[in-house]
Each structure stands twice: as structure tokens, then as C-alpha cells.
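J.: Just dropping this structure here.
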Amino acid sequence: MENNVQEYVTFETTTKDGTSIEMAVVDEFEYKKQHYVAAAVINDDMINEDELYIYRSILSEDDFSVEQITDLKEYEEIANAYLDMQ
């Protein structure tokens, strides 16, 4: 039996209530010359790809950081663009 283990790039973010959670990057894309990641919450080493969240990604030479998209209209536009790419 073959064991396929997929490795993900991860990052930590904070929820609205201040809880720190670990996210896995499951996809990355560009929209309107801006870089974004689609990420899923990691629970007990499991990733639920049924619930993806979009974050703006800031790339540096050897790392990246993410920032939440706080404007609901902007988030919906980017999320819809991502879904159209699928």
C-alpha cells in the first residue's frame, strides 16, 4: 500500500476572537497584479480543503507573509475570481 503524504507551506494567523490558528497553503494565485493564497485550517494534522480562506500574500526573497482582506466586497470579488480559475 502506497502512503501519499502531501507537505504544505503553513502560516499562523489570528481569528477575530484573538485565537492563533495554523493554516496550510493549498493554492496560490494572482489577481489584478496582486498575489493571494487559498488556505485551509489545520486540525490535528488534518486539512479541511472544503473550507478555504483567501489571504493577500506579500512575497519577499525567501519568505512570505499574509494579511487578511477586511473589505467584504473586495474579498468576495477575489474569492469569485479564484473560483472562476478552478
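Identifiers for the C-alpha cells are assigned positionally: chains receive A, B, ... in sequence, residues are indexed from 1 per chain, and ligands are indexed from 1 in the order shown.
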Go through chain A and collect every residue that DSSP, computed from the backbone, puts in helix (DSSP H, G or I); the answer should be as a PyMOL selection string.
T.: chain A and resi 72-85
J.: Give me the residues within 9 Å of A:Ala39 as a ChimeraX atom specification, counting only C-alpha atoms and dropping any in the same chain fewer than 5 places off.
T.: /A:10,23-28,49,51-55
J.: Could you pull out the strand (DSSP E or B) residues of chain A, going by DSSP on the backbone, and write them as a PyMOL selection string?
T.: chain A and resi 9-14+20-31+34-43+46-59+64-67
J.: Skipping near chain neighbours, those fewer than 3 positions away, what residues fall within 9 Å of stretch 82-85 of chain A using only C-alpha atoms, listed as a PyMOL selection string?
T.: chain A and resi 29-31+38+54+77-79
J.: With only C-alpha atoms as the atoms that count, which of A:Ile47, A:Val37, A:Val9, A:Ile21 lies nearest to A:Glu67?
T.: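 Using only C-alpha atoms, A:Glu67 sits closest to A:Val37.
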J.: Between A:Gln34, A:Thr70, A:Gln6, A:Gln86, single out the one closest to A:Met46, counting only C-alpha atoms.
T.: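 The closest residue to A:Met46 is A:Gln6.
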J.: So what do you get for atom CA of A:Tyr36 versus atom CA of A:Arg56, distance-wise?
T.: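 A separation of 4.5 Å between them.
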J.: Can you work out the spacing between atom CA of A:Glu22 and atom CA of A:Asp45 in Å, to one decimal?
T.: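 Calculated distance between atom CA of A:Glu22 and atom CA of A:Asp45 is 10.1 Å.
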